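Shown next, in structure tokens, is the structure this report addresses.
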Amino acid sequence: MQQENSVEKKLKERIRDVFDDLELVIGYCQSKIPLKVNPLFIQRKEEIDDLIFDNLCINNLATYSYFLSNELKGKIGIVLKPCDTRSITQLISEELLNKDRVKSIVVGCAGILDYKKIVKEIGGLKIISADIKDEHIRIDTIDENFTLEAKNFYADKCYTCNIYDNPPYYDEFIENDSKLNIEPRKEYEDLDEFEKLSLEEINSFWDLQFSNCIRCYACRNICPLEVCRDKCIAQLDVPHWQSQKINSAEGKFFQLIRAFHLAGRCTECGECERVCPANIQLLKLMKKINKDVLKLFNYRPGFNLDEKPPLLTFKNVEKNIKEEELI
Amino acid sequence: MKTLTYIKKENLNTFLEKLNKNYDVFLPVQNKADGTINFESLDIVNDNNVINLKEKTRKSPKSLFFPPSENLFEFEYKKDIKKPDIMEIKLLESEKMISDETNSRKKVIFGIKPCDTMAVKCLDLVFGEGEKKDPYYIMKRKNTILISIGCSNVFPDCFCTSVGGNPFYFDYSDLGLIDMGQNLVIFKLSERDDLRKLLDECNEFFEEREINSDEEIEIKKIISESEKKCSSNWESVNAEDIALDMERKFSEEEMWKNITRKCISCAACTYVCPTCVCFNIGDEQTGMKGERYKCWDFCTNYYYTLEASGHNPREKIYQRYRNKINCKYNYFYKRNKNLYCVGCGRCIDVCPVGMDIREIVKHVRSLQK
């Protein structure tokens, strides 16, 4: 059992204070699997003791907000990282979530470690045990031991994050004494190489990526903004838009449906890429679309409660789209 | 005096290559780019990937017998302009599709883990035995030889000992090997004729000598240590008791709701599961031609039970997850006296939200009623 850190203590205290107004609080708890954490659903006050908050809390718990707020009558408390609040903001701005039904308990973030990056670094070996101390990750596998420097293994979004200690939206904010301390990168810097590719190269890149899709729908179901889960047009029988076959063509078709659904709405939390059992680079596609939306409409999803996503509305004249040039 | 038949590990690659001439060899191959391991054909092993017999594969080997999607037959519509009210349907031969080249070629799955062989047994009970048989499955299955290597390495999510197996359970393997450092020692040999043939063909790779007492002790030690490690991951489960408990607590809606809250009802667990057998059958048509296909389906899916009327008997996630657990620990046990969970732990590994099937069963069992 790890020792309670100062932010955990503050978080628990704050939740105890507000708990009586809430029907349920979602937070994080320890997992038996090394370097992973589990979502925790707190219904009784004594369960607050199980809460944790550290640099492994990668899950975006905003995912549960839409469905739980429909299922339960009372108010729901959700422990969020500053970046996760973008998903809540987006849901509220699209009128999918009622602001008064959810209490966002936001915790200052010192960066989160990306499990997939770590596993990739150690060559896909299965982790038997691990611990993190002083910015070093020590990992035991069957035959080998590794010590990795944490600063290289944060989630991609952490390197471009500038809201880790000033969340754009919150009901409660708990400051974290440890701050994000990694070398920042330019936003969408990782797309530079990709954008230089020719159309054929891009096409074959995605063909290869999507050929791995097993259509488990984990990407769709973990996404906080894809509230269409049980009404997805990729699975409808009538009308039967898409075959249920599992092959590369259908995988591509499904992933493109997803991409269009999230165009200009995606808050880039990276959950889709994290959960993909086939390791498809889903976030790259979303980022590229978001980058284009930013350029065309000057819109960044998840920052403004009152702004409508540009692709859910229209203007008679778009400033950055020269229609006459398109004809 | 007992004898020891073994193959030297240094000869393993040449052995596999020789095998590959007469058989399609499938084995755990690790992709160097992202580290994932899956059962792949030996033909694809090149600079970008490497054979890895130690670790667990991400996806189960079930797709080698029960592919994610498979065409059953093709058909063609014919219409005569003079008789517009009559439509003729012509079936293309399905017999040919069952015994086509990929299905009828001899296969060897090398390095399949004992838990996965138990899972193949589960598939056999559904597709290969009983009243209704699946010829597509049987064709692939009967042409496949399973060569397994016992698990000297046990991972935190392994729990085969709890569900009736163990890391050296070779009952459903055709050839069972134990890794003894330098050599792979034959521990179990089935009576299959085609296995004999295979061994005769590769005679030169197998060496035989008398076993000494040290080695005997070592083998026992390897087996008991793995077993001990695996059983520490979860308590032993009495299948009969669990099945009863699952049935008794089926209608504890609140409990089921609470323990499945974090489930997002994706198919990751069922698609990597070696025993999940659900499938759907559909027709796809383009122009006047079409095909009937079978493809994986998953019970945690909303559409799985959606009825034509619009009613859905398993509308909520907890109802669907409850069905999944009951399927593994109750329904199939009642039908076949065989648990449909083999303890491979893949579902625990891939679950995006950390659902642990062991925890769920534990919760259900601990509820007093």
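Naming scheme: A, B, ... for chains in displayed order of the structure tokens; residues 1 onward per chain; ligands 1 onward as shown.
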
Taking only C-alpha atoms into account and nothing else, which residues of chain B lie no more than 6 Å away from chain A? Please answer as a ChimeraX atom specification. /B:34-36,68-69,264,266-268,295,302,352,354

Please produce an output containing C-alpha atoms for each residue in the selection, written as a CSV table (one decimal), in the first residue's frame.
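Saved to out-v8.csv:
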chain,number,residue,atom,x,y,z
B,34,ASP,CA,4.4,-2.0,-30.2
B,35,GLY,CA,5.3,-5.1,-28.3
B,36,THR,CA,2.0,-7.0,-28.7
B,68,PRO,CA,-13.7,-13.1,-36.6
B,69,SER,CA,-15.7,-13.3,-39.8
B,264,ILE,CA,-18.6,0.4,-20.4
B,266,CYS,CA,-17.4,-2.8,-25.0
B,267,ALA,CA,-16.3,-6.1,-26.5
B,268,ALA,CA,-12.7,-6.0,-25.6
B,295,CYS,CA,-19.0,-13.2,-37.5
B,302,TYR,CA,-26.9,-3.6,-26.6
B,352,PRO,CA,-10.1,-0.3,-20.2
B,354,GLY,CA,-10.1,-2.5,-14.7

Range 68-215 of chain B: which residues are strand (DSSP E or B) by DSSP, as number ranges by chain? B: 69-80, 83-91, 107-112, 144-149, 175-180, 183-189, 206-210

Quick one: everything within 12 Å of range 331-334 of chain B, counting only C-alpha atoms, minus sequence neighbours fewer than 6 positions away in the same chain. Send it as a short mmCIF file (atom, residue, chain, number, x, y, z; two decimals) with N, CA and C atoms, in the first residue's frame.
data_model
loop_
_atom_site.label_atom_id
_atom_site.label_comp_id
_atom_site.auth_asym_id
_atom_site.auth_seq_id
_atom_site.Cartn_x
_atom_site.Cartn_y
_atom_site.Cartn_z
N CYS B 122 -13.43 -26.23 -24.84
CA CYS B 122 -14.73 -25.54 -24.70
C CYS B 122 -15.35 -25.27 -26.06
N LEU B 123 -14.52 -24.84 -27.01
CA LEU B 123 -15.03 -24.58 -28.37
C LEU B 123 -15.53 -25.89 -28.98
N LEU B 125 -16.83 -28.41 -27.55
CA LEU B 125 -18.12 -28.79 -26.99
C LEU B 125 -19.26 -28.02 -27.66
N VAL B 126 -18.97 -26.80 -28.10
CA VAL B 126 -20.02 -26.01 -28.74
C VAL B 126 -20.14 -26.31 -30.23
N VAL B 163 -9.73 -22.53 -11.71
CA VAL B 163 -10.88 -22.99 -12.49
C VAL B 163 -10.64 -24.38 -13.08
N ASN B 238 -14.79 -23.81 -6.43
CA ASN B 238 -15.55 -25.02 -6.65
C ASN B 238 -16.65 -24.71 -7.66
N ALA B 239 -16.53 -25.31 -8.82
CA ALA B 239 -17.42 -24.96 -9.93
C ALA B 239 -18.89 -25.14 -9.55
N GLU B 240 -19.18 -26.26 -8.91
CA GLU B 240 -20.56 -26.56 -8.53
C GLU B 240 -21.13 -25.44 -7.64
N ASP B 241 -20.34 -25.06 -6.64
CA ASP B 241 -20.78 -24.02 -5.70
C ASP B 241 -21.03 -22.70 -6.40
N ILE B 242 -20.09 -22.34 -7.28
CA ILE B 242 -20.23 -21.06 -7.98
C ILE B 242 -21.49 -21.04 -8.82
N ALA B 243 -21.70 -22.12 -9.57
CA ALA B 243 -22.86 -22.18 -10.44
C ALA B 243 -24.13 -21.99 -9.61
N LEU B 244 -24.17 -22.64 -8.46
CA LEU B 244 -25.33 -22.53 -7.59
C LEU B 244 -25.51 -21.10 -7.09
N MET B 246 -24.37 -18.34 -8.41
CA MET B 246 -24.74 -17.43 -9.49
C MET B 246 -26.25 -17.49 -9.71
N GLU B 247 -26.78 -18.68 -9.65
CA GLU B 247 -28.20 -18.84 -9.90
C GLU B 247 -29.02 -18.23 -8.76
N PHE B 250 -29.02 -14.38 -8.88
CA PHE B 250 -29.29 -13.79 -10.19
C PHE B 250 -30.15 -12.53 -10.07
N THR B 275 -12.78 -18.47 -24.85
CA THR B 275 -13.96 -19.35 -24.84
C THR B 275 -15.25 -18.67 -25.28
N CYS B 276 -15.25 -17.36 -25.46
CA CYS B 276 -16.47 -16.70 -25.91
C CYS B 276 -16.81 -17.16 -27.32
N VAL B 277 -18.00 -17.71 -27.50
CA VAL B 277 -18.33 -18.35 -28.77
C VAL B 277 -19.47 -17.68 -29.52
N ARG B 322 -24.07 -9.43 -16.28
CA ARG B 322 -24.54 -10.56 -15.49
C ARG B 322 -24.69 -11.80 -16.37
N ASN B 323 -25.18 -11.58 -17.57
CA ASN B 323 -25.31 -12.70 -18.49
C ASN B 323 -23.95 -13.27 -18.84
N LYS B 324 -22.98 -12.38 -19.05
CA LYS B 324 -21.65 -12.84 -19.43
C LYS B 324 -21.05 -13.73 -18.33
N ILE B 325 -21.14 -13.26 -17.10
CA ILE B 325 -20.58 -14.02 -15.98
C ILE B 325 -21.32 -15.33 -15.79
N TYR B 340 -16.69 -22.24 -18.37
CA TYR B 340 -16.26 -21.57 -19.60
C TYR B 340 -15.34 -20.40 -19.30
N CYS B 341 -14.60 -20.51 -18.22
CA CYS B 341 -13.52 -19.57 -17.95
C CYS B 341 -12.30 -20.44 -17.66
#

Running DSSP on the backbone, which parts of range 147-216 of chain A land in alpha helix (DSSP H), as number ranges by chain? A: 156-159, 192-195, 199-211

Could you jot down the CA of Leu72 in chain B to CA of Ile281 in chain B separation for me, Å, one decimal place? 9.2 Å

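For Ile219 in chain B, the non-local neighbours within 9 Å, defined as residues at least 4 positions apart in the same chain or in other chains and counting only C-alpha atoms, are Ile178, Met180, Asp214, Glu215, Ile223 and Ser224 of chain B.
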
Output file for the selection above: C-alpha atoms, as a short mmCIF file (atom, residue, chain, number, x, y, z; two decimals), in the first residue's frame:
data_model
loop_
_atom_site.label_atom_id
_atom_site.label_comp_id
_atom_site.auth_asym_id
_atom_site.auth_seq_id
_atom_site.Cartn_x
_atom_site.Cartn_y
_atom_site.Cartn_z
CA ILE B 178 8.30 -28.48 -20.50
CA MET B 180 14.06 -26.98 -18.93
CA ASP B 214 18.12 -34.63 -10.50
CA GLU B 215 16.11 -33.96 -13.61
CA ILE B 223 5.58 -27.75 -11.95
CA SER B 224 4.90 -27.26 -8.26
#

Tell me, as a VMD selection string, which residues lie within 12 Å of range 2-18 of chain B, counting only C-alpha atoms; anything in the same chain fewer than 5 positions away does not count. chain B and resid 23 to 27 41 to 43 45 50 to 51 53 108 to 111 147 175 to 189 198 to 199 201 to 213 215 to 216 219

I'd like the neighbourhood of range 191-195 of chain A as a VMD selection string, where a residue qualifies if any of its atoms comes within 9 Å (using only C-alpha atoms), though same-chain residues fewer than 2 positions away should be ignored. chain A and resid 188 to 189 197 to 198 202 284 287 to 288

Keeping only N, CA and C atoms, take the residues you just selected and write them out as a compact mmCIF listing (two decimals), in the first residue's frame.
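part.txt, freshly written:
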# COMPACT_ATOMS: atom_id res chain seq x y z
N TYR A 188 0.18 20.11 -31.39
CA TYR A 188 0.10 19.48 -32.71
C TYR A 188 1.46 19.33 -33.40
N GLU A 189 2.53 19.44 -32.61
CA GLU A 189 3.87 19.26 -33.16
C GLU A 189 4.04 17.87 -33.76
N LEU A 197 3.30 13.83 -45.51
CA LEU A 197 3.11 12.64 -46.34
C LEU A 197 2.19 12.94 -47.53
N SER A 198 2.37 12.15 -48.57
CA SER A 198 1.49 12.30 -49.74
C SER A 198 0.15 11.63 -49.43
N ILE A 202 -0.60 8.62 -46.80
CA ILE A 202 -1.56 8.76 -45.70
C ILE A 202 -2.58 7.64 -45.78
N LYS A 284 -4.36 10.36 -33.30
CA LYS A 284 -3.72 11.10 -34.38
C LYS A 284 -4.77 11.64 -35.35
N LYS A 287 -6.75 14.42 -33.68
CA LYS A 287 -5.96 15.64 -33.56
C LYS A 287 -5.88 16.38 -34.89
N LYS A 288 -5.70 15.60 -35.94
CA LYS A 288 -5.61 16.22 -37.27
C LYS A 288 -6.90 16.96 -37.60

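Our summary of the geometry notes that CA of Thr161 in chain B is positioned 10.1 Å from CA of Cys344 in chain B.
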
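Here the question is which of A:Glu94, A:Glu23, A:Asp114, A:Glu8 gets nearest to Ser69 in chain A using only C-alpha atoms, and that residue is A:Glu23.
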
Quick one: residues within 10 Å of range 308-313 of chain A, only C-alpha atoms counted, chain neighbours fewer than 6 positions away excluded, as a PyMOL selection string? chain A and resi 90+93-95+260-265+293-294+296-302
